[in-house]
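Colleague: Structure file protein.cif, mmCIF, C-alpha atoms, is pasted below:
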data_target
#
loop_
_atom_site.label_atom_id
_atom_site.label_comp_id
_atom_site.auth_asym_id
_atom_site.auth_seq_id
_atom_site.Cartn_x
_atom_site.Cartn_y
_atom_site.Cartn_z
CA MET A 19 3.63 70.53 -35.87
CA ASP A 20 4.70 67.09 -37.10
CA PHE A 21 1.68 64.79 -37.50
CA ARG A 22 3.62 61.91 -39.02
CA PHE A 23 3.82 58.55 -37.28
CA THR A 24 7.01 58.00 -35.29
CA GLU A 25 9.72 55.65 -36.48
CA THR A 26 8.89 53.30 -33.58
CA GLN A 27 5.24 53.14 -34.60
CA ARG A 28 6.12 52.39 -38.22
CA LEU A 29 8.76 49.80 -37.32
CA PHE A 30 6.41 47.99 -34.92
CA ALA A 31 3.65 47.88 -37.54
CA GLY A 32 6.14 46.74 -40.17
CA ALA A 33 7.39 43.91 -37.94
CA VAL A 34 3.82 42.78 -37.25
CA GLY A 35 3.09 42.99 -40.98
CA GLU A 36 6.04 40.70 -41.76
CA LEU A 37 4.81 38.18 -39.18
CA LEU A 38 1.28 38.28 -40.56
CA ASN A 39 2.45 37.79 -44.14
CA LYS A 40 4.25 34.62 -43.02
CA GLU A 41 1.62 33.10 -40.74
CA CYS A 42 -1.71 34.45 -42.02
CA THR A 43 -1.80 33.36 -45.66
CA PRO A 44 -4.73 32.36 -47.88
CA ALA A 45 -3.64 28.74 -47.40
CA THR A 46 -3.74 28.95 -43.59
CA LEU A 47 -7.09 30.77 -43.70
CA ARG A 48 -8.54 28.04 -45.92
CA ALA A 49 -7.15 25.32 -43.65
CA MET A 50 -8.66 27.08 -40.65
CA THR A 51 -12.17 27.15 -42.13
CA GLU A 52 -11.95 23.62 -43.51
CA GLY A 53 -11.06 22.38 -40.02
CA SER A 54 -13.90 24.42 -38.44
CA HIS A 55 -11.42 26.36 -36.32
CA SER A 56 -11.87 29.96 -35.19
CA SER A 57 -8.20 30.91 -35.25
CA ILE A 58 -4.89 30.04 -36.84
CA GLN A 59 -3.17 27.69 -34.42
CA THR A 60 0.16 29.52 -33.97
CA LEU A 61 -0.76 33.09 -34.87
CA GLY A 62 -2.28 34.12 -31.55
CA GLY A 63 0.85 33.04 -29.70
CA SER A 64 3.11 34.84 -32.16
CA LEU A 65 1.15 38.09 -31.77
CA SER A 66 1.28 37.72 -27.98
CA ASN A 67 5.04 37.17 -28.07
CA MET A 68 5.43 40.41 -30.02
CA GLY A 69 3.42 42.24 -27.36
CA VAL A 70 0.47 43.07 -29.62
CA ILE A 71 -2.26 41.53 -27.44
CA GLY A 72 -1.24 43.42 -24.32
CA MET A 73 0.13 46.57 -25.93
CA THR A 74 -2.65 48.75 -24.48
CA GLY A 75 -2.20 47.37 -20.97
CA PRO A 76 -0.05 49.15 -18.36
CA GLU A 77 3.49 47.93 -17.79
CA GLY A 78 2.56 46.86 -14.26
CA TYR A 79 0.41 44.12 -15.78
CA GLY A 80 2.99 43.15 -18.38
CA GLY A 81 1.64 45.40 -21.13
CA LEU A 82 3.42 48.01 -23.24
CA GLY A 83 1.40 51.04 -22.15
CA MET A 84 0.71 52.07 -25.74
CA SER A 85 -2.20 54.01 -27.23
CA ASP A 86 -4.68 53.83 -30.09
CA LEU A 87 -2.26 55.83 -32.22
CA ASP A 88 0.36 53.10 -31.75
CA LEU A 89 -2.22 50.45 -32.63
CA VAL A 90 -3.89 51.89 -35.73
CA LEU A 91 -1.16 50.98 -38.25
CA ILE A 92 -1.05 47.43 -36.85
CA MET A 93 -4.81 47.15 -37.40
CA GLU A 94 -4.32 48.18 -41.04
CA GLU A 95 -1.75 45.41 -41.43
CA MET A 96 -4.24 42.91 -40.01
CA GLY A 97 -6.83 44.01 -42.52
CA ARG A 98 -4.37 43.55 -45.36
CA VAL A 99 -4.04 39.84 -44.56
CA ALA A 100 -7.63 39.30 -43.33
CA CYS A 101 -6.34 38.30 -39.88
CA PRO A 102 -9.06 36.32 -38.04
CA GLU A 103 -7.66 36.71 -34.50
CA THR A 104 -9.58 38.43 -31.68
CA VAL A 105 -7.09 41.28 -31.36
CA ILE A 106 -9.74 44.01 -31.26
CA GLU A 107 -11.71 42.13 -28.62
CA GLN A 108 -8.62 41.61 -26.45
CA THR A 109 -6.42 44.65 -27.11
CA CYS A 110 -9.07 47.35 -27.54
CA ILE A 111 -11.78 46.14 -25.15
CA GLY A 112 -10.75 43.41 -22.72
CA VAL A 113 -7.29 44.59 -21.67
CA PRO A 114 -8.16 48.29 -21.05
CA ILE A 115 -11.33 47.44 -19.12
CA LEU A 116 -9.86 44.71 -16.93
CA CYS A 117 -6.67 46.64 -16.18
CA ASN A 118 -8.78 49.49 -14.81
CA VAL A 119 -11.32 47.64 -12.67
CA VAL A 120 -11.65 48.27 -8.95
CA GLU A 121 -8.62 46.79 -7.19
CA GLY A 122 -9.32 43.22 -6.15
CA ALA A 123 -12.41 42.87 -8.35
CA VAL A 124 -10.55 40.52 -10.69
CA ASP A 125 -7.62 38.29 -9.78
CA GLU A 126 -4.42 40.12 -10.72
CA GLU A 127 -2.75 37.00 -12.06
CA LEU A 128 -5.72 36.37 -14.33
CA ILE A 129 -5.47 39.90 -15.71
CA LYS A 130 -1.75 39.41 -16.34
CA SER A 131 -2.42 36.14 -18.15
CA LEU A 132 -4.95 37.90 -20.41
CA VAL A 133 -2.56 40.79 -21.07
CA SER A 134 0.24 38.39 -21.96
CA GLY A 135 -2.05 36.43 -24.26
CA GLU A 136 -1.48 33.25 -22.27
CA GLN A 137 -5.25 33.10 -21.92
CA ARG A 138 -7.57 34.25 -24.70
CA LEU A 139 -10.57 36.54 -24.40
CA SER A 140 -13.57 37.39 -26.53
CA THR A 141 -16.51 39.67 -25.83
CA THR A 142 -20.00 40.71 -26.86
CA LEU A 143 -19.49 44.32 -25.73
CA GLY A 144 -20.49 46.57 -28.60
CA SER A 145 -21.55 43.58 -30.68
CA ALA A 146 -24.41 41.09 -30.77
CA TYR A 147 -22.08 38.10 -31.08
CA ALA A 148 -18.72 36.96 -29.70
CA LEU A 149 -15.99 36.38 -32.27
CA ALA A 150 -14.14 33.06 -31.93
CA ALA A 151 -15.80 32.37 -28.58
CA ASP A 152 -15.01 28.67 -28.90
CA SER A 153 -11.29 29.51 -28.85
CA ALA A 154 -11.52 31.84 -25.85
CA ASP A 155 -10.76 30.97 -22.24
CA TYR A 156 -12.86 33.85 -20.91
CA LEU A 157 -15.71 35.99 -22.20
CA LEU A 158 -16.42 39.61 -21.26
CA LEU A 159 -20.21 39.91 -21.35
CA GLU A 160 -22.84 42.55 -20.60
CA ASN A 161 -26.26 42.18 -19.00
CA ASN A 162 -28.42 45.22 -18.14
CA SER A 163 -25.36 47.51 -18.21
CA GLU A 164 -23.49 45.19 -15.84
CA ILE A 165 -20.28 43.60 -17.08
CA SER A 166 -19.19 40.07 -16.21
CA LEU A 167 -16.02 38.10 -16.83
CA VAL A 168 -17.10 34.51 -17.38
CA PRO A 169 -15.09 31.36 -18.10
CA SER A 170 -16.09 30.12 -21.54
CA SER A 171 -16.76 26.68 -20.08
CA GLU A 172 -19.69 28.14 -18.10
CA VAL A 173 -21.69 29.49 -21.04
CA GLU A 174 -23.72 28.01 -23.86
CA MET A 175 -22.56 29.18 -27.28
CA VAL A 176 -24.27 28.73 -30.63
CA LEU A 177 -22.44 29.22 -33.93
CA GLN A 178 -24.14 31.77 -36.18
CA GLU A 179 -24.12 32.03 -39.95
CA SER A 180 -21.73 34.67 -41.28
CA VAL A 181 -20.92 35.98 -44.73
CA ASP A 182 -17.25 35.48 -43.79
CA GLU A 183 -16.34 31.91 -42.83
CA THR A 184 -13.05 33.11 -41.29
CA ARG A 185 -15.02 35.13 -38.71
CA ARG A 186 -16.82 32.53 -36.59
CA LEU A 187 -19.49 34.33 -34.56
CA PHE A 188 -21.31 32.88 -31.56
CA SER A 189 -24.42 33.87 -29.65
CA ILE A 190 -23.91 33.44 -25.91
CA GLN A 191 -26.43 32.15 -23.38
CA TRP A 192 -25.47 32.63 -19.73
CA GLU A 193 -26.67 33.72 -16.31
CA PRO A 194 -24.68 36.40 -14.44
CA THR A 195 -23.80 35.80 -10.80
CA LYS A 196 -22.21 37.93 -8.12
CA HIS A 197 -18.96 36.03 -8.69
CA THR A 198 -18.76 37.01 -12.37
CA LEU A 199 -19.63 40.71 -12.02
CA VAL A 200 -16.84 43.19 -12.75
CA GLU A 201 -16.92 46.77 -11.43
CA ALA A 202 -15.73 48.50 -14.59
CA ASP A 203 -15.20 52.23 -15.01
CA PRO A 204 -18.01 53.43 -17.34
CA ASN A 205 -15.71 55.96 -19.02
CA ILE A 206 -13.09 53.26 -19.70
CA VAL A 207 -15.80 51.03 -21.16
CA ARG A 208 -17.00 53.86 -23.40
CA LYS A 209 -13.49 54.64 -24.63
CA SER A 210 -12.71 50.96 -25.15
CA LEU A 211 -15.75 50.57 -27.39
CA LEU A 212 -14.77 53.68 -29.35
CA SER A 213 -11.28 52.22 -29.69
CA ALA A 214 -12.82 49.02 -31.09
CA VAL A 215 -14.78 51.02 -33.68
CA THR A 216 -11.60 52.82 -34.76
CA ALA A 217 -9.66 49.56 -34.97
CA THR A 218 -12.45 48.05 -37.08
CA ALA A 219 -12.24 51.08 -39.38
CA ALA A 220 -8.47 50.59 -39.67
CA GLN A 221 -8.88 46.90 -40.52
CA SER A 222 -11.49 47.86 -43.13
CA LEU A 223 -8.96 50.26 -44.61
CA GLY A 224 -6.36 47.48 -44.76
CA VAL A 225 -8.80 45.19 -46.58
CA ALA A 226 -9.60 47.97 -49.07
CA ILE A 227 -5.90 48.59 -49.73
CA HIS A 228 -5.29 44.88 -50.38
CA LEU A 229 -8.26 44.65 -52.74
CA LEU A 230 -7.07 47.68 -54.71
CA GLU A 231 -3.49 46.41 -54.98
CA THR A 232 -4.67 42.93 -55.99
CA THR A 233 -7.03 44.32 -58.61
CA ILE A 234 -4.39 46.62 -60.11
CA SER A 235 -2.03 43.65 -60.47
CA TYR A 236 -4.79 41.55 -62.06
CA VAL A 237 -5.87 44.11 -64.68
CA LYS A 238 -2.24 44.60 -65.69
CA GLU A 239 -1.87 40.88 -66.42
CA ARG A 240 -5.33 39.92 -67.71
CA GLU A 241 -5.52 40.43 -71.46
CA GLN A 242 -8.49 40.74 -73.79
CA PHE A 243 -8.33 41.54 -77.52
CA GLY A 244 -4.55 41.61 -77.35
CA LYS A 245 -4.09 44.16 -74.56
CA PRO A 246 -4.35 44.29 -70.74
CA VAL A 247 -7.88 45.05 -69.54
CA GLY A 248 -6.37 47.75 -67.36
CA ALA A 249 -5.63 49.78 -70.47
CA ASN A 250 -9.34 50.57 -70.77
CA GLN A 251 -10.22 53.99 -69.42
CA ALA A 252 -13.36 52.74 -67.66
CA ILE A 253 -11.24 50.31 -65.61
CA LYS A 254 -8.82 53.11 -64.73
CA HIS A 255 -11.70 55.27 -63.51
CA HIS A 256 -13.01 52.51 -61.25
CA LEU A 257 -9.56 52.01 -59.73
CA ALA A 258 -8.94 55.75 -59.34
CA ASP A 259 -12.28 56.23 -57.59
CA THR A 260 -11.45 53.39 -55.22
CA GLY A 261 -8.04 54.86 -54.48
CA LYS A 262 -9.65 58.22 -53.80
CA ALA A 263 -12.12 56.67 -51.35
CA ILE A 264 -9.25 54.99 -49.50
CA GLU A 265 -7.19 58.17 -49.31
CA PHE A 266 -10.21 60.12 -48.04
CA ALA A 267 -10.75 57.54 -45.28
CA ARG A 268 -7.13 57.02 -44.22
CA PRO A 269 -6.45 60.41 -42.55
CA MET A 270 -9.80 60.28 -40.76
CA VAL A 271 -9.02 56.85 -39.32
CA HIS A 272 -5.64 58.13 -38.16
CA ARG A 273 -7.25 61.24 -36.69
CA ALA A 274 -9.73 59.13 -34.73
CA ALA A 275 -6.85 57.12 -33.25
CA TRP A 276 -5.06 60.35 -32.33
CA ALA A 277 -8.23 61.82 -30.80
CA LEU A 278 -8.67 58.77 -28.56
CA SER A 279 -5.00 58.83 -27.57
CA VAL A 280 -5.15 62.44 -26.35
CA SER A 281 -8.77 62.35 -25.09
CA ASP A 282 -9.80 65.01 -27.57
CA PRO A 283 -13.24 66.53 -26.78
CA GLU A 284 -14.41 65.60 -30.29
CA GLU A 285 -13.15 62.02 -30.15
CA GLN A 286 -16.62 60.50 -30.48
CA VAL A 287 -17.45 62.37 -33.68
CA ALA A 288 -13.99 61.60 -35.09
CA VAL A 289 -14.52 57.88 -34.47
CA SER A 290 -17.88 57.83 -36.27
CA MET A 291 -16.45 59.81 -39.18
CA SER A 292 -13.60 57.30 -39.48
CA LYS A 293 -15.96 54.30 -39.53
CA TYR A 294 -18.34 56.00 -41.97
CA LEU A 295 -15.56 56.71 -44.47
CA ALA A 296 -13.79 53.37 -43.96
CA SER A 297 -17.02 51.40 -44.45
CA LYS A 298 -17.74 53.31 -47.65
CA ALA A 299 -14.17 52.82 -48.87
CA VAL A 300 -14.10 49.07 -48.29
CA ASN A 301 -17.54 48.60 -49.87
CA HIS A 302 -16.30 50.58 -52.87
CA ALA A 303 -13.14 48.47 -53.03
CA CYS A 304 -15.17 45.23 -52.90
CA ARG A 305 -17.43 46.36 -55.73
CA THR A 306 -14.51 47.52 -57.90
CA ALA A 307 -12.50 44.35 -57.29
CA LEU A 308 -15.42 42.12 -58.20
CA GLN A 309 -16.29 44.10 -61.32
CA CYS A 310 -12.72 44.26 -62.58
CA HIS A 311 -11.99 40.59 -61.93
CA GLY A 312 -15.18 39.42 -63.55
CA ALA A 313 -16.53 35.89 -63.10
CA ILE A 314 -13.37 34.50 -61.49
CA GLY A 315 -13.96 36.82 -58.53
CA TYR A 316 -17.11 34.86 -57.63
CA THR A 317 -15.34 31.52 -57.27
CA MET A 318 -14.32 29.91 -53.98
CA GLU A 319 -11.10 28.63 -55.56
CA TYR A 320 -9.82 32.17 -56.17
CA ASP A 321 -8.45 33.97 -53.10
CA LEU A 322 -10.23 37.25 -53.82
CA GLN A 323 -13.37 35.95 -52.09
CA ILE A 324 -11.54 35.91 -48.73
CA TRP A 325 -11.07 39.68 -48.76
CA LEU A 326 -14.44 40.41 -50.34
CA LYS A 327 -16.22 38.61 -47.52
CA ARG A 328 -14.02 40.22 -44.87
CA GLY A 329 -14.67 43.64 -46.38
CA TRP A 330 -18.44 43.16 -46.39
CA ALA A 331 -18.35 41.86 -42.82
CA LEU A 332 -16.17 44.67 -41.43
CA ALA A 333 -18.17 47.35 -43.22
CA ALA A 334 -21.19 46.36 -41.12
CA THR A 335 -19.36 45.51 -37.88
CA ARG A 336 -19.71 47.99 -34.99
CA GLY A 337 -21.98 50.22 -37.05
CA ASP A 338 -22.21 50.51 -40.83
CA ALA A 339 -21.91 53.72 -42.84
CA ILE A 340 -25.61 54.55 -42.46
CA ALA A 341 -25.51 54.15 -38.67
CA HIS A 342 -22.45 56.34 -38.29
CA ILE A 343 -23.59 59.11 -40.65
CA ASP A 344 -26.72 59.26 -38.48
CA VAL A 345 -24.51 59.63 -35.40
CA ILE A 346 -22.54 62.42 -37.08
CA GLY A 347 -25.76 64.19 -38.03
CA GLN A 348 -27.14 63.92 -34.51
CA ASN A 349 -23.97 65.50 -33.15
CA ILE A 350 -24.10 68.32 -35.65
CA LEU A 351 -27.57 69.03 -34.27
CA ASN A 352 -26.13 68.80 -30.72
CA GLU A 353 -28.35 65.87 -29.79
CA GLU A 354 -27.17 63.09 -27.51
CA HIS A 355 -26.32 59.77 -29.13
CA ASP A 356 -24.62 56.60 -27.95
CA LEU A 357 -21.59 56.52 -30.24
CA ALA A 358 -19.72 53.73 -28.50
CA ASN A 359 -22.36 51.21 -29.59
CA GLY A 360 -22.69 52.53 -33.13
#
Kindly return the structure encoded in the file as structure tokens.

Modeller:
Amino acid sequence: MDFRFTETQRLFAGAVGELLNKECTPATLRAMTEGSHSSIQTLGGSLSNMGVIGMTGPEGYGGLGMSDLDLVLIMEEMGRVACPETVIEQTCIGVPILCNVVEGAVDEELIKSLVSGEQRLSTTLGSAYALAADSADYLLLENNSEISLVPSSEVEMVLQESVDETRRLFSIQWEPTKHTLVEADPNIVRKSLLSAVTATAAQSLGVAIHLLETTISYVKEREQFGKPVGANQAIKHHLADTGKAIEFARPMVHRAAWALSVSDPEEQVAVSMSKYLASKAVNHACRTALQCHGAIGYTMEYDLQIWLKRGWALAATRGDAIAHIDVIGQNILNEEHDLANG
């Protein structure tokens, strides 16, 4: 059997990567945080125009009808550039849930506008806070296992402190009503949350890859005592160990995406294994990058801090390594555990 990604999957991810490299740069990320914005002004529209936001939605709603396996490489590309957009919230959670609600429960034109990216969505499903809620038109919220779709203008949101200034997180205060309730398929909700965990693992992997590549370039150029610091064996060992952690995580992340795409019976365990390994890999990459860069890595002026903070944030998002190894252990013992919520 051929387990390689298809040419279409690679080309799509490559095209998105090119777009991200142009529009999501350290300069634009800095400008975003300095202006207290939650997103890069033009990036969301560009991703929507490429079909990324609605790629998991059915064609009848204007989506591309694609799967987690089509999405996983794109998520890696987003991690590489520390993309701040709410793609996971929209593509992995909002679009699949809303496109599968009971007919008539949500206005069809509204669903189409969310799939197209014309209107933005954030959510607290699977997370305590809503990412970039102040930039969203609608919020998908949960209260006592009931899901509501609420206009952002009808909630009270409070900005929370975050280790990563490019991920603006908000706590949401609101009161559900019969008009906001959405009859969502519980199985679709569960799979959407597992998809979000896998996408977070893939973004973590992308951050780790960027940190390793950046650090390798730095230690080749930085000289001490007349030779590059990368010539020291201890530095090489740190970098090799980081590369090994990434390569151990990568196939597991891809397997989790495949498992979700084919509804594999072991999809839940595969997802937790992917997040466990990806969280460990990105934490390892952050530590190695900071150690090998030395004092300059601590400074706000140097771009490394952008990826360090994103790596630390993603490692803990939707379940950290400890939470997911516990889930894996519980499943080995054949005990029930709520994997979708980490």

Colleague: Enumerate, as a PyMOL selection string, the residues matched when the PyMOL selection byres ((chain A and resi 189) around 6) is run on the file above.

Modeller: chain A and resi 147+175-176+188+190

Colleague: So that I can check the surroundings of segment 96-104 of chain A, please list as an NGL selection string every protein, DNA and RNA residue that reaches within 8 Å of it, counting all atoms listed in the file and ignoring chain neighbours fewer than 6 positions away.

Modeller: :A and (35 or 38-39 or 42-43 or 56-58 or 61-62 or 139-140 or 149-150 or 184-185 or 220-228 or 324-325 or 328)

Colleague: Just how far from atom CA of Lys238 of chain A is atom CA of Thr46 of chain A, in Å to one decimal?

Modeller: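 Between these atoms lies a distance of 27.1 Å.
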
Colleague: What would the selection look like, as a list of chain:residue names, if the PyMOL selection byres ((chain A and resi 302-311) around 8) were run on the coordinates I just shared?

Modeller: A:Ala226, A:Ile227, A:Leu229, A:Leu230, A:Thr233, A:Tyr236, A:Val237, A:Ile253, A:His256, A:Leu257, A:Thr260, A:Ala263, A:Lys298, A:Ala299, A:Val300, A:Asn301, A:Gly312, A:Ala313, A:Ile314, A:Gly315, A:Tyr316, A:Leu326, A:Gly329, A:Trp330

Colleague: Smallest atom-to-atom distance to Ala341 of chain A: which of A:Ala267, A:Met291, A:Val168, A:Leu132, using all atoms listed in the file?

Modeller: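 Checking each of A:Ala267, A:Met291, A:Val168, A:Leu132 against Ala341 of chain A, counting all atoms listed in the file, the winner is A:Met291.
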
Colleague: Select, from A:Glu183, A:Asp259, A:Glu319, A:Arg273, the residue with the minimum atom-to-atom distance to Glu52 of chain A, counting only C-alpha atoms.

Modeller: A:Glu183

Colleague: Write out as a PyMOL selection string which residues come within 10 Å of Ala202 of chain A when counting all atoms listed in the file, dropping same-chain ones fewer than 5 positions away.

Modeller: chain A and resi 114-120+123+164-166+207

Colleague: For atom CA of Asp182 of chain A and atom CA of Val247 of chain A, quote the distance in Å rounded to one decimal.

Modeller: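 Separation between atom CA of Asp182 of chain A and atom CA of Val247 of chain A: 29.0 Å.
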
Colleague: Excluding Val113 of chain A and residues on its chain fewer than 2 positions from it, collect all residues at most 7 Å away from it, counting all atoms listed in the file, and give them as an NGL selection string.

Modeller: :A and (72 or 74-75 or 108-111 or 115-117 or 133)

Colleague: If the PyMOL selection byres ((chain A and resi 289) around 12) were run on this exact file, what residues would it hold? Put them as number ranges by chain.

Modeller: A: 86, 209-220, 267, 269-279, 281-288, 290-296, 336-337, 339, 342-343, 345-346, 357-360

Colleague: Quick check, in Å to one decimal: how far apart do atom CA of Val173 of chain A and atom CA of Leu157 of chain A lie?

Modeller: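 Computed distance, atom CA of Val173 of chain A to atom CA of Leu157 of chain A, equals 8.9 Å.
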
Colleague: Pick from A:Pro246, A:Gly144, A:Gly83, A:Gly78: nearest to Glu107 of chain A, with all atoms listed in the file counted?

Modeller: A:Gly144

Colleague: In terms of the shortest atom-to-atom distance over only C-alpha atoms, which of A:Glu41, A:Glu126, A:Glu265, A:Asp88 is closest to Thr26 of chain A?

Modeller: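 Among the listed residues, A:Asp88 lies closest to Thr26 of chain A.
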
Colleague: Around all the atoms of segment 134-143 of chain A listed in the file, draw an axis-aligned box and extend it by 4 Å on each of the six sides; I want its centre and edge lengths in Å to one decimal, as lines of an AutoDock Vina configuration file.

Modeller:
center_x = -9.9
center_y = 38.7
center_z = -24.4
size_x = 28.2
size_y = 19.2
size_z = 12.9

Colleague: So which one's closest to Gly135 of chain A, A:Ile71, A:Ile92, A:Met50, A:Ala252? Using only C-alpha atoms, please.

Modeller: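 Under the stated criterion, the closest residue is A:Ile71.
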
Colleague: Starting from the point (-15.5, 40.0, -12.2), work out which residues of protein, DNA or RNA have an atom no more than 7 Å away when counting all atoms listed in the file; state them as a VMD selection string.

Modeller: chain A and resid 123 to 124 166 to 167 197 to 201

Colleague: Pull C-alpha atoms from the residues just selected and write them as a PDB file, in the frame of the given file.

Modeller:
ATOM      1  CA  ALA A 123     -12.410  42.870  -8.350  1.00  0.00           C
ATOM      2  CA  VAL A 124     -10.550  40.520 -10.690  1.00  0.00           C
ATOM      3  CA  SER A 166     -19.190  40.070 -16.210  1.00  0.00           C
ATOM      4  CA  LEU A 167     -16.020  38.100 -16.830  1.00  0.00           C
ATOM      5  CA  HIS A 197     -18.960  36.030  -8.690  1.00  0.00           C
ATOM      6  CA  THR A 198     -18.760  37.010 -12.370  1.00  0.00           C
ATOM      7  CA  LEU A 199     -19.630  40.710 -12.020  1.00  0.00           C
ATOM      8  CA  VAL A 200     -16.840  43.190 -12.750  1.00  0.00           C
ATOM      9  CA  GLU A 201     -16.920  46.770 -11.430  1.00  0.00           C
TER      10      GLU A 201
END

Colleague: Which one of A:Ile340, A:Arg268, A:Gly112, A:Ala331 sits closest to Glu179 of chain A if you count only C-alpha atoms?

Modeller: A:Ala331
